[in-house]
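Participant: This is the content of my_file.tsv (TSV, C-alpha atoms and all ligand atoms):
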chain	number	residue	atom	x	y	z
A	1	MET	CA	-34.71	11.08	3.35
A	2	LYS	CA	-37.79	10.83	5.59
A	3	THR	CA	-36.96	11.28	9.26
A	4	LEU	CA	-38.60	8.94	11.75
A	5	ASN	CA	-38.95	9.46	15.49
A	6	LEU	CA	-38.48	7.02	18.35
A	7	THR	CA	-42.19	6.21	18.61
A	8	GLU	CA	-42.31	5.37	14.91
A	9	ILE	CA	-39.26	3.11	15.27
A	10	ARG	CA	-40.90	1.39	18.23
A	11	ASP	CA	-44.06	0.79	16.14
A	12	ILE	CA	-42.09	-0.51	13.16
A	13	LEU	CA	-40.32	-3.02	15.41
A	14	GLN	CA	-43.65	-4.41	16.71
A	15	THR	CA	-44.10	-6.73	13.70
A	16	PRO	CA	-41.49	-9.19	12.34
A	17	LYS	CA	-39.04	-7.65	9.88
A	18	LYS	CA	-35.98	-8.71	7.89
A	19	ILE	CA	-33.12	-6.80	9.44
A	20	ALA	CA	-29.47	-6.40	8.43
A	21	ILE	CA	-26.99	-5.03	10.95
A	22	SER	CA	-23.81	-3.60	9.47
A	23	THR	CA	-20.63	-2.36	11.11
A	24	HIS	CA	-17.29	-0.89	10.10
A	25	VAL	CA	-14.21	-2.35	8.40
A	26	ASN	CA	-11.59	-3.84	10.77
A	27	PRO	CA	-14.33	-4.48	13.32
A	28	ASP	CA	-13.23	-4.04	16.92
A	29	GLY	CA	-14.76	-5.03	20.25
A	30	ASP	CA	-17.30	-2.24	20.13
A	31	ALA	CA	-18.32	-2.92	16.52
A	32	ILE	CA	-18.84	-6.63	17.21
A	33	GLY	CA	-20.22	-6.16	20.75
A	34	SER	CA	-22.78	-3.52	19.76
A	35	SER	CA	-23.87	-5.47	16.66
A	36	LEU	CA	-24.32	-8.72	18.59
A	37	ALA	CA	-26.19	-6.95	21.39
A	38	MET	CA	-28.61	-5.42	18.88
A	39	TYR	CA	-28.83	-8.77	17.03
A	40	ASN	CA	-29.85	-10.67	20.16
A	41	TYR	CA	-32.35	-8.01	21.16
A	42	LEU	CA	-33.98	-8.00	17.72
A	43	ILE	CA	-34.09	-11.83	17.63
A	44	LYS	CA	-35.93	-11.71	20.97
A	45	LYS	CA	-38.41	-9.28	19.40
A	46	GLY	CA	-39.14	-11.91	16.70
A	47	HIS	CA	-37.24	-10.48	13.76
A	48	THR	CA	-35.04	-12.24	11.20
A	49	VAL	CA	-31.60	-10.73	11.69
A	50	SER	CA	-28.12	-10.97	10.20
A	51	ILE	CA	-24.87	-9.16	10.95
A	52	ILE	CA	-22.58	-8.10	8.10
A	53	VAL	CA	-18.96	-6.97	8.49
A	54	PRO	CA	-16.50	-5.93	5.73
A	55	ASN	CA	-13.62	-8.13	6.94
A	56	ASN	CA	-12.99	-10.57	9.73
A	57	PHE	CA	-12.68	-9.68	13.42
A	58	PRO	CA	-9.86	-10.69	15.79
A	59	ASP	CA	-9.90	-14.12	17.43
A	60	PHE	CA	-10.05	-12.60	20.93
A	61	LEU	CA	-13.70	-11.70	20.19
A	62	SER	CA	-14.73	-15.13	18.91
A	63	TRP	CA	-15.97	-16.23	22.37
A	64	LEU	CA	-18.82	-13.71	22.06
A	65	PRO	CA	-22.12	-15.58	21.83
A	66	ASP	CA	-23.37	-15.94	18.21
A	67	SER	CA	-20.25	-14.35	16.70
A	68	GLU	CA	-19.82	-17.46	14.54
A	69	GLY	CA	-22.93	-16.49	12.56
A	70	ILE	CA	-21.56	-13.12	11.40
A	71	PHE	CA	-21.33	-12.72	7.61
A	72	VAL	CA	-18.04	-11.38	6.25
A	73	ILE	CA	-18.25	-9.40	3.00
A	74	LYS	CA	-14.72	-10.40	1.94
A	75	ASP	CA	-15.70	-14.11	2.12
A	76	GLN	CA	-19.37	-13.99	1.03
A	77	TYR	CA	-19.92	-10.86	-1.03
A	78	ASP	CA	-23.06	-12.04	-2.88
A	79	LYS	CA	-24.74	-13.34	0.27
A	80	CYS	CA	-24.03	-10.07	2.13
A	81	ASN	CA	-25.30	-8.01	-0.77
A	82	ASP	CA	-28.50	-10.09	-0.92
A	83	LEU	CA	-29.05	-9.68	2.82
A	84	ILE	CA	-28.75	-5.90	2.44
A	85	LYS	CA	-31.01	-5.84	-0.65
A	86	ASP	CA	-33.71	-7.95	1.04
A	87	ALA	CA	-33.69	-6.05	4.32
A	88	ASP	CA	-36.71	-4.05	5.52
A	89	ILE	CA	-34.46	-2.32	8.04
A	90	ILE	CA	-30.71	-1.70	7.99
A	91	PHE	CA	-28.89	-0.82	11.18
A	92	SER	CA	-25.56	0.99	10.79
A	93	ILE	CA	-23.74	0.61	14.06
A	94	ASP	CA	-20.44	2.15	15.24
A	95	TYR	CA	-19.74	4.06	12.01
A	96	ASN	CA	-20.79	7.46	10.75
A	97	SER	CA	-20.82	7.10	6.98
A	98	PRO	CA	-21.52	4.31	4.44
A	99	GLU	CA	-17.89	4.70	3.26
A	100	ARG	CA	-16.89	2.65	6.29
A	101	VAL	CA	-18.60	-0.54	5.08
A	102	LYS	CA	-16.46	-0.62	1.94
A	103	GLU	CA	-17.71	-3.01	-0.79
A	104	ILE	CA	-21.41	-2.85	0.14
A	105	LYS	CA	-21.49	0.92	0.61
A	106	ASN	CA	-23.56	1.43	-2.55
A	107	SER	CA	-26.03	-1.36	-1.72
A	108	ILE	CA	-26.71	0.39	1.58
A	109	ILE	CA	-27.03	3.83	-0.01
A	110	ASN	CA	-29.34	2.53	-2.77
A	111	SER	CA	-31.53	0.39	-0.52
A	112	ASN	CA	-35.11	1.42	0.20
A	113	ALA	CA	-34.95	-0.10	3.68
A	114	ILE	CA	-35.47	1.99	6.78
A	115	LYS	CA	-31.98	3.03	7.83
A	116	ILE	CA	-31.06	3.47	11.47
A	117	LEU	CA	-27.72	4.84	12.65
A	118	ILE	CA	-26.38	4.11	16.13
A	119	ASP	CA	-22.97	5.70	16.53
A	120	HIS	CA	-20.58	7.79	18.60
A	121	HIS	CA	-18.26	9.24	15.93
A	122	PRO	CA	-18.20	12.95	15.08
A	123	ASP	CA	-20.10	14.34	12.06
A	124	PRO	CA	-22.50	11.52	11.18
A	125	ASP	CA	-23.66	11.57	7.55
A	126	VAL	CA	-27.25	12.14	8.75
A	127	LYS	CA	-28.81	12.53	5.31
A	128	GLN	CA	-28.19	8.82	4.68
A	129	PHE	CA	-30.42	7.70	7.57
A	130	ASN	CA	-34.09	7.78	8.61
A	131	PHE	CA	-33.26	7.64	12.30
A	132	VAL	CA	-30.04	8.80	13.90
A	133	TYR	CA	-29.09	7.85	17.43
A	134	SER	CA	-25.70	9.45	17.82
A	135	SER	CA	-23.63	11.02	20.57
A	136	VAL	CA	-19.89	11.71	20.53
A	137	LEU	CA	-19.88	11.99	24.30
A	138	THR	CA	-20.80	8.34	24.82
A	139	SER	CA	-18.13	5.71	25.53
A	140	SER	CA	-19.16	3.33	22.79
A	141	ALA	CA	-21.81	2.35	20.28
A	142	SER	CA	-22.52	-0.52	22.69
A	143	GLU	CA	-23.57	1.90	25.43
A	144	LEU	CA	-25.83	3.62	22.89
A	145	VAL	CA	-27.41	0.26	21.99
A	146	TYR	CA	-28.15	-0.20	25.71
A	147	ASP	CA	-29.68	3.30	25.90
A	148	LEU	CA	-31.76	2.77	22.78
A	149	ILE	CA	-33.17	-0.58	23.94
A	150	CYS	CA	-34.13	1.13	27.23
A	151	LYS	CA	-35.70	4.06	25.36
A	152	LEU	CA	-37.72	1.61	23.27
A	153	GLY	CA	-39.18	0.37	26.55
A	154	ASP	CA	-37.47	-3.02	26.41
A	155	LYS	CA	-34.94	-2.87	29.24
A	156	ASN	CA	-36.49	-6.10	30.55
A	157	LEU	CA	-35.30	-7.90	27.39
A	158	ILE	CA	-31.63	-7.22	28.17
A	159	ASP	CA	-30.38	-10.60	29.35
A	160	LEU	CA	-26.90	-11.86	30.29
A	161	LYS	CA	-25.95	-12.59	26.69
A	162	ILE	CA	-26.84	-9.06	25.53
A	163	ALA	CA	-25.22	-7.60	28.64
A	164	GLU	CA	-21.92	-9.41	27.90
A	165	CYS	CA	-21.87	-7.99	24.37
A	166	ILE	CA	-22.50	-4.45	25.63
A	167	TYR	CA	-19.90	-4.80	28.37
A	168	THR	CA	-17.31	-5.97	25.81
A	169	GLY	CA	-17.96	-2.90	23.65
A	170	ILE	CA	-17.61	-0.53	26.59
A	171	VAL	CA	-14.42	-2.18	27.90
A	172	THR	CA	-12.68	-2.22	24.52
A	173	ASP	CA	-13.69	1.28	23.37
A	174	THR	CA	-12.58	2.85	26.66
A	175	GLY	CA	-9.25	0.96	26.81
A	176	SER	CA	-10.48	-0.85	29.94
A	177	PHE	CA	-12.04	2.27	31.44
A	178	SER	CA	-9.13	4.60	30.78
A	179	TYR	CA	-10.62	7.08	28.26
A	180	LEU	CA	-14.00	8.22	26.87
A	181	CYS	CA	-15.67	7.19	30.12
A	182	ASN	CA	-15.35	10.09	32.54
A	183	ASN	CA	-19.03	10.14	33.27
A	184	GLU	CA	-21.33	8.67	35.83
A	185	LYS	CA	-23.72	7.32	33.23
A	186	THR	CA	-21.24	4.87	31.73
A	187	TYR	CA	-20.49	3.45	35.18
A	188	ASN	CA	-24.20	3.24	36.00
A	189	THR	CA	-24.73	1.28	32.78
A	190	VAL	CA	-21.81	-1.00	33.69
A	191	GLY	CA	-23.35	-1.41	37.15
A	192	ASP	CA	-26.60	-2.55	35.53
A	193	LEU	CA	-24.68	-5.04	33.38
A	194	ILE	CA	-22.84	-6.49	36.38
A	195	LYS	CA	-26.20	-6.80	38.15
A	196	LEU	CA	-27.39	-8.89	35.20
A	197	GLY	CA	-24.55	-11.33	35.90
A	198	VAL	CA	-21.71	-10.12	33.69
A	199	ASP	CA	-18.33	-11.36	34.96
A	200	GLY	CA	-16.19	-8.33	34.08
A	201	GLU	CA	-12.96	-9.91	35.30
A	202	ASN	CA	-13.46	-12.97	33.12
A	203	ILE	CA	-14.33	-10.84	30.08
A	204	HIS	CA	-11.13	-8.86	30.64
A	205	ARG	CA	-9.14	-12.11	30.62
A	206	LEU	CA	-10.90	-13.37	27.48
A	207	ILE	CA	-10.05	-10.17	25.59
A	208	TYR	CA	-6.65	-9.19	26.94
A	209	ASP	CA	-4.99	-12.34	28.30
A	210	THR	CA	-5.13	-14.56	25.23
A	211	PHE	CA	-1.99	-13.53	23.33
A	212	SER	CA	-0.17	-16.10	21.22
A	213	GLU	CA	3.62	-16.31	21.63
A	214	ASP	CA	4.01	-14.63	18.21
A	215	ARG	CA	1.80	-11.74	19.27
A	216	ILE	CA	3.65	-10.97	22.48
A	217	ARG	CA	7.03	-11.26	20.73
A	218	LEU	CA	5.80	-8.93	17.99
A	219	LEU	CA	4.83	-6.41	20.68
A	220	GLY	CA	8.31	-6.68	22.22
A	221	TYR	CA	9.89	-6.19	18.79
A	222	CYS	CA	7.71	-3.12	18.11
A	223	LEU	CA	8.81	-1.49	21.35
A	224	SER	CA	12.49	-2.42	21.25
A	225	GLU	CA	13.24	-2.17	17.53
A	226	LYS	CA	10.54	-0.23	15.72
A	227	LEU	CA	9.71	2.68	17.99
A	228	ARG	CA	10.87	6.20	17.14
A	229	ILE	CA	10.48	9.03	19.59
A	230	ILE	CA	10.46	12.66	18.54
A	231	ASP	CA	10.63	14.49	21.85
A	232	LYS	CA	10.50	17.98	20.41
A	233	TYR	CA	7.00	17.26	19.05
A	234	ALA	CA	5.83	15.05	21.94
A	235	THR	CA	5.27	12.31	19.37
A	236	ALA	CA	6.25	8.67	19.03
A	237	TYR	CA	5.53	6.15	16.32
A	238	ILE	CA	5.96	2.48	15.48
A	239	TYR	CA	6.32	1.21	11.91
A	240	LEU	CA	5.96	-2.35	10.65
A	241	SER	CA	6.81	-3.62	7.19
A	242	ALA	CA	5.08	-6.57	5.54
A	243	ALA	CA	8.25	-8.57	6.23
A	244	ASP	CA	8.02	-7.73	9.96
A	245	LEU	CA	4.46	-9.07	10.04
A	246	LYS	CA	5.48	-12.22	8.21
A	247	LYS	CA	8.35	-12.84	10.61
A	248	PHE	CA	5.87	-12.97	13.50
A	249	ASN	CA	3.17	-14.94	11.59
A	250	TYR	CA	0.80	-11.98	11.85
A	251	LYS	CA	-2.88	-12.72	12.40
A	252	ILE	CA	-5.79	-10.23	12.52
A	253	GLY	CA	-5.78	-8.57	15.93
A	254	ASP	CA	-2.06	-9.08	16.64
A	255	THR	CA	-1.31	-5.35	16.38
A	256	GLU	CA	-4.42	-4.27	18.30
A	257	ASN	CA	-3.44	-1.88	21.12
A	258	VAL	CA	0.22	-1.62	19.99
A	259	VAL	CA	-0.39	2.04	19.11
A	260	ASN	CA	-1.38	2.81	22.69
A	261	TYR	CA	1.98	1.84	24.25
A	262	PRO	CA	3.97	4.94	23.23
A	263	LEU	CA	1.34	7.07	24.99
A	264	SER	CA	2.33	5.50	28.31
A	265	MET	CA	5.57	7.50	28.08
A	266	LYS	CA	5.66	10.70	30.06
A	267	GLY	CA	5.44	13.70	27.78
A	268	ILE	CA	4.19	11.85	24.70
A	269	VAL	CA	0.94	13.36	23.41
A	270	MET	CA	0.55	11.67	20.04
A	271	SER	CA	1.30	8.13	18.97
A	272	ALA	CA	1.12	6.61	15.51
A	273	LEU	CA	1.37	3.10	14.11
A	274	PHE	CA	2.18	2.52	10.43
A	275	ILE	CA	1.59	-0.94	9.02
A	276	GLU	CA	2.47	-2.01	5.51
A	277	ARG	CA	-0.46	-3.97	4.08
A	278	LYS	CA	-0.90	-5.39	0.58
A	279	ASP	CA	-1.81	-2.21	-1.30
A	280	VAL	CA	-1.88	0.37	1.44
A	281	ILE	CA	-0.15	1.70	4.53
A	282	ARG	CA	-2.65	1.47	7.34
A	283	ILE	CA	-2.28	4.19	9.96
A	284	SER	CA	-3.55	4.29	13.53
A	285	LEU	CA	-3.32	7.48	15.54
A	286	ARG	CA	-3.85	8.03	19.27
A	287	SER	CA	-3.50	11.05	21.54
A	288	LYS	CA	-3.84	12.19	25.12
A	289	GLY	CA	-5.91	15.17	26.20
A	290	ASP	CA	-7.12	17.81	23.77
A	291	PHE	CA	-4.92	16.97	20.80
A	292	ARG	CA	-7.21	15.96	17.91
A	293	VAL	CA	-5.77	13.10	15.89
A	294	ASN	CA	-8.94	12.79	13.82
A	295	GLU	CA	-8.07	16.08	12.15
A	296	ILE	CA	-4.74	14.64	10.96
A	297	ALA	CA	-6.40	11.39	9.84
A	298	GLU	CA	-9.06	13.27	7.87
A	299	LYS	CA	-6.91	15.98	6.33
A	300	TYR	CA	-3.87	13.94	5.34
A	301	PHE	CA	-4.69	10.24	5.37
A	302	GLU	CA	-8.24	9.82	3.96
A	303	GLY	CA	-9.51	8.64	7.32
A	304	GLY	CA	-11.16	9.90	10.47
A	305	GLY	CA	-12.41	8.75	13.84
A	306	HIS	CA	-12.48	10.10	17.36
A	307	LYS	CA	-10.51	12.97	18.88
A	308	ASN	CA	-8.11	10.61	20.70
A	309	ALA	CA	-8.33	7.53	18.45
A	310	SER	CA	-8.49	7.59	14.69
A	311	GLY	CA	-7.13	5.90	11.62
A	312	GLY	CA	-6.44	6.36	7.94
A	313	ASP	CA	-4.68	5.05	4.85
A	314	SER	CA	-1.70	6.11	2.79
A	315	TYR	CA	-0.89	4.99	-0.75
A	316	LEU	CA	2.75	6.11	-0.56
A	317	SER	CA	5.49	3.68	0.47
A	318	LEU	CA	6.01	3.03	4.17
A	319	GLU	CA	9.08	5.24	4.14
A	320	ASP	CA	7.37	8.11	2.30
A	321	THR	CA	4.33	7.86	4.56
A	322	ILE	CA	6.57	8.32	7.58
A	323	ILE	CA	8.33	11.27	5.91
A	324	LYS	CA	4.93	12.84	5.19
A	325	PHE	CA	3.86	12.31	8.81
A	326	GLU	CA	7.07	13.78	10.24
A	327	LYS	CA	6.71	16.83	7.97
A	328	LEU	CA	3.27	17.52	9.46
A	329	LEU	CA	4.55	17.75	13.02
A	330	PRO	CA	5.92	21.33	12.96
A	331	LYS	CA	2.44	22.55	11.95
A	332	TYR	CA	1.03	21.09	15.15
A	333	LYS	CA	3.91	21.98	17.44
A	334	SER	CA	2.05	24.47	19.63
A	335	GLU	CA	-0.93	22.11	20.13
A	336	LEU	CA	1.35	19.13	20.82
A	337	LEU	CA	3.39	21.01	23.38
A	338	ARG	CA	0.51	22.80	25.07
B	1	LIG	P1	-7.86	1.91	14.58
B	1	LIG	O1	-6.63	2.71	14.79
B	1	LIG	O2	-8.14	1.04	15.76
B	1	LIG	O3	-7.89	1.22	13.26
B	1	LIG	O4	-9.04	2.95	14.51
B	1	LIG	C1	-9.37	3.73	15.61
B	1	LIG	C2	-10.70	4.39	15.35
B	1	LIG	O5	-10.55	5.33	14.30
B	1	LIG	C3	-11.78	3.44	14.88
B	1	LIG	O6	-12.52	2.96	15.93
B	1	LIG	C4	-12.62	4.32	14.01
B	1	LIG	O7	-13.46	5.05	14.83
B	1	LIG	C5	-11.64	5.30	13.42
B	1	LIG	N1	-11.12	4.98	12.08
B	1	LIG	C6	-10.11	4.16	11.79
B	1	LIG	N2	-9.85	4.15	10.48
B	1	LIG	C7	-10.72	5.01	9.91
B	1	LIG	C8	-10.96	5.43	8.57
B	1	LIG	O8	-10.27	5.01	7.62
B	1	LIG	N3	-11.98	6.32	8.38
B	1	LIG	C9	-12.72	6.80	9.41
B	1	LIG	N4	-13.69	7.67	9.12
B	1	LIG	N5	-12.52	6.42	10.68
B	1	LIG	C10	-11.54	5.54	10.94
B	2	MN	MN	-16.95	2.45	18.83
In structure tokens, how does this file's structure come out?
Facilitator:
Amino acid sequence: MKTLNLTEIRDILQTPKKIAISTHVNPDGDAIGSSLAMYNYLIKKGHTVSIIVPNNFPDFLSWLPDSEGIFVIKDQYDKCNDLIKDADIIFSIDYNSPERVKEIKNSIINSNAIKILIDHHPDPDVKQFNFVYSSVLTSSASELVYDLICKLGDKNLIDLKIAECIYTGIVTDTGSFSYLCNNEKTYNTVGDLIKLGVDGENIHRLIYDTFSEDRIRLLGYCLSEKLRIIDKYATAYIYLSAADLKKFNYKIGDTENVVNYPLSMKGIVMSALFIERKDVIRISLRSKGDFRVNEIAEKYFEGGGHKNASGGDSYLSLEDTIIKFEKLLPKYKSELLR
């Protein structure tokens, strides 16, 4: 695939184009924030732009400006496919391989559009893209969108709306500035965003202080009834059956962050969350420090992600998935107890 440089991208964006922005399945605050930031920037540049996501995003992101216009592949497959097919340019944001956009993966791979990757996951599938803007050391794809707009010479186009989207991505992907952000640059970027008028305290409330009663009771149930701690491997996990979800009227986003709670225990290095979905057990993994959960996600659960935050799938039963996971722990004992 032909490689383009930044100057060529800048030139291509000088005249109106049809642009599709795509992001990963189970879109989170960074996926939606980075996509909407890029969307608003490209609209300002005079392009025709759409955002396409594999499945819906949690309600606590629906306050983001223009989020109501996002196309969901699960609901509008043909429309999403057409948008990808018609695009002159496809942006792939916050994911490292077309696998992560599920049903429209092949439309993206087969498209003749110019393909631009903006991402912060390890090992990007670079051969799929004409331009790769990727760094694993950056807090979020949203921060990379900010950097790229600046590098394209358009910092002056970053307005409050774009700034709010970028801020949301940084806050959510760093767990409110608690990981992936130990660098001056992220805070300088955040400083710029606050200068543009972002109300960080209000955004925090909009994202984190909007639980339903069901959601907070589900969290309590996870911690009191469904948490197992395996001290000798510095590991803890939470498991939820389909019946558990039903009992608490589960909605998308209700289990967001649940996996992080076990890590607040002293001495716990790895945390896992197993959720029984329709045809799959969805797994979230988190860790503290140097322990690489993405290796476990990739090797054993057909997934991947970041060193300290990754996910995967299992096609065994919930019980057998947990047995498989527990059997892996002795292999990692020395790294877990380091
Ligand atoms: P979560 O546990 O929130 O679903 O996912 C955490 C992070 O792991 C995501 O932001 C994403 O980077 C990564 N991730 C989750 N699931 C998968 C997967 O199935 N494949 C890959 N490659 N990455 C995943
Ligand atoms: Mn991200």
Participant: Can you find the residues with an atom no farther than 12 Å from (10.9, -0.3, 17.4), counting only C-alpha atoms, and report them as a list of chain:residue names?
Facilitator: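 The residues near that point, listed by chain and number, are A:Leu218, A:Leu219, A:Gly220, A:Tyr221, A:Cys222, A:Leu223, A:Ser224, A:Glu225, A:Lys226, A:Leu227, A:Arg228, A:Ile229, A:Ala236, A:Tyr237, A:Ile238, A:Tyr239, A:Leu240, A:Ser241, A:Asp244, A:Val258, A:Val259, A:Tyr261, A:Pro262, A:Leu273, A:Phe274.
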Participant: Take the residues from that selection and put them in a file with C-alpha atoms, as an mmCIF file, keeping the file's coordinate frame.
Facilitator:
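Written file, out-v3.cif:
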data_model
loop_
_atom_site.group_PDB
_atom_site.id
_atom_site.type_symbol
_atom_site.label_atom_id
_atom_site.label_comp_id
_atom_site.auth_asym_id
_atom_site.auth_seq_id
_atom_site.Cartn_x
_atom_site.Cartn_y
_atom_site.Cartn_z
ATOM 1 C CA LEU A 218 5.800 -8.930 17.990
ATOM 2 C CA LEU A 219 4.830 -6.410 20.680
ATOM 3 C CA GLY A 220 8.310 -6.680 22.220
ATOM 4 C CA TYR A 221 9.890 -6.190 18.790
ATOM 5 C CA CYS A 222 7.710 -3.120 18.110
ATOM 6 C CA LEU A 223 8.810 -1.490 21.350
ATOM 7 C CA SER A 224 12.490 -2.420 21.250
ATOM 8 C CA GLU A 225 13.240 -2.170 17.530
ATOM 9 C CA LYS A 226 10.540 -0.230 15.720
ATOM 10 C CA LEU A 227 9.710 2.680 17.990
ATOM 11 C CA ARG A 228 10.870 6.200 17.140
ATOM 12 C CA ILE A 229 10.480 9.030 19.590
ATOM 13 C CA ALA A 236 6.250 8.670 19.030
ATOM 14 C CA TYR A 237 5.530 6.150 16.320
ATOM 15 C CA ILE A 238 5.960 2.480 15.480
ATOM 16 C CA TYR A 239 6.320 1.210 11.910
ATOM 17 C CA LEU A 240 5.960 -2.350 10.650
ATOM 18 C CA SER A 241 6.810 -3.620 7.190
ATOM 19 C CA ASP A 244 8.020 -7.730 9.960
ATOM 20 C CA VAL A 258 0.220 -1.620 19.990
ATOM 21 C CA VAL A 259 -0.390 2.040 19.110
ATOM 22 C CA TYR A 261 1.980 1.840 24.250
ATOM 23 C CA PRO A 262 3.970 4.940 23.230
ATOM 24 C CA LEU A 273 1.370 3.100 14.110
ATOM 25 C CA PHE A 274 2.180 2.520 10.430
#
Participant: So which residues touch Glu143 (chain A) within 10 Å, counting only C-alpha atoms, skipping near sequence neighbours fewer than 2 positions away, as a ChimeraX atom specification?
Facilitator: /A:30,33-34,118-120,138-141,145-148,166-167,169-170,185-186,189-190
Participant: Grab the CA of Lys288 (chain A) to CA of Asp254 (chain A) distance for me, in Å with one decimal place.
Facilitator: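 Interatomic distance here is 23.0 Å.
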Participant: Residues within 9 Å of ligand LIG 1 (chain B), counting only C-alpha atoms and all ligand atoms: report them as a PyMOL selection string.
Facilitator: chain A and resi 24-28+30-31+94-97+99-100+120-121+173+256-257+259+272-273+282-286+294+297-298+301-313
Participant: Select, counting all atoms listed in the file, all protein, DNA and RNA residues no farther than 12 Å from (-8.2, -14.6, 25.4) in file coordinates, and express the selection as an MDAnalysis selection string.
Facilitator: chainID A and resid 58:64 201:212 253
Participant: Have a look at A:Ser92, A:Asn183, A:Thr321, A:Asn5 and name the one nearest to ligand MN 2 (chain B); count all atoms listed in the file.
Facilitator: A:Ser92
Participant: So which one's closest to ligand MN 2 (chain B), A:Val171, A:Val49, A:Ile70, A:Ile109? Using only C-alpha atoms and all ligand atoms, please.
Facilitator: A:Val171
Participant: I need the residue nearest Asn130 (chain A) from this list: A:Asn188, A:Asn56, A:Thr3, A:Gln14. Use all atoms listed in the file for the distance.
Facilitator: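 With all atoms listed in the file as the atom set, the closest residue is A:Thr3.
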Participant: So how many Å separate CA of Asp66 (chain A) and CA of Ala87 (chain A), to one decimal?
Facilitator: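 One can read the CA of Asp66 (chain A) to CA of Ala87 (chain A) distance as 19.9 Å.
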Participant: Restricting the calculation to all atoms listed in the file, which member of A:Ile216, A:Ala163, A:Ala37, A:Ser178 is positioned closest to Gly200 (chain A)?
Facilitator: A:Ala163
Participant: Missing atoms in region 239-256 of chain A: can you complete it with N, CA and C atoms, as a CSV table (one decimal), in the frame of the given file?
Facilitator:
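Dumped to result-v5.csv:
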chain,number,residue,atom,x,y,z
A,239,TYR,N,6.6,1.5,13.3
A,239,TYR,CA,6.3,1.2,11.9
A,239,TYR,C,6.7,-0.3,11.7
A,240,LEU,N,5.8,-0.9,10.9
A,240,LEU,CA,6.0,-2.4,10.6
A,240,LEU,C,5.9,-2.6,9.1
A,241,SER,N,6.9,-3.3,8.6
A,241,SER,CA,6.8,-3.6,7.2
A,241,SER,C,6.1,-4.9,7.0
A,242,ALA,N,5.7,-5.3,5.8
A,242,ALA,CA,5.1,-6.6,5.5
A,242,ALA,C,6.0,-7.7,6.0
A,243,ALA,N,7.3,-7.5,5.8
A,243,ALA,CA,8.2,-8.6,6.2
A,243,ALA,C,8.2,-8.7,7.8
A,244,ASP,N,8.1,-7.6,8.5
A,244,ASP,CA,8.0,-7.7,10.0
A,244,ASP,C,6.8,-8.6,10.3
A,245,LEU,N,5.7,-8.3,9.7
A,245,LEU,CA,4.5,-9.1,10.0
A,245,LEU,C,4.6,-10.5,9.8
A,246,LYS,N,5.3,-10.8,8.6
A,246,LYS,CA,5.5,-12.2,8.2
A,246,LYS,C,6.4,-13.0,9.2
A,247,LYS,N,7.4,-12.3,9.7
A,247,LYS,CA,8.4,-12.8,10.6
A,247,LYS,C,7.6,-13.3,11.9
A,248,PHE,N,6.6,-12.6,12.3
A,248,PHE,CA,5.9,-13.0,13.5
A,248,PHE,C,4.5,-13.6,13.2
A,249,ASN,N,4.4,-14.2,12.0
A,249,ASN,CA,3.2,-14.9,11.6
A,249,ASN,C,1.9,-14.1,11.9
A,250,TYR,N,1.9,-12.9,11.5
A,250,TYR,CA,0.8,-12.0,11.8
A,250,TYR,C,-0.6,-12.6,11.6
A,251,LYS,N,-1.5,-12.4,12.6
A,251,LYS,CA,-2.9,-12.7,12.4
A,251,LYS,C,-3.7,-11.5,12.8
A,252,ILE,N,-4.9,-11.4,12.2
A,252,ILE,CA,-5.8,-10.2,12.5
A,252,ILE,C,-5.9,-10.1,14.0
A,253,GLY,N,-5.7,-8.8,14.5
A,253,GLY,CA,-5.8,-8.6,15.9
A,253,GLY,C,-4.4,-8.5,16.6
A,254,ASP,N,-3.4,-9.0,16.0
A,254,ASP,CA,-2.1,-9.1,16.6
A,254,ASP,C,-1.5,-7.7,16.9
A,255,THR,N,-1.9,-6.7,16.1
A,255,THR,CA,-1.3,-5.4,16.4
A,255,THR,C,-2.3,-4.5,17.1
A,256,GLU,N,-3.4,-5.0,17.5
A,256,GLU,CA,-4.4,-4.3,18.3
A,256,GLU,C,-3.8,-3.7,19.6
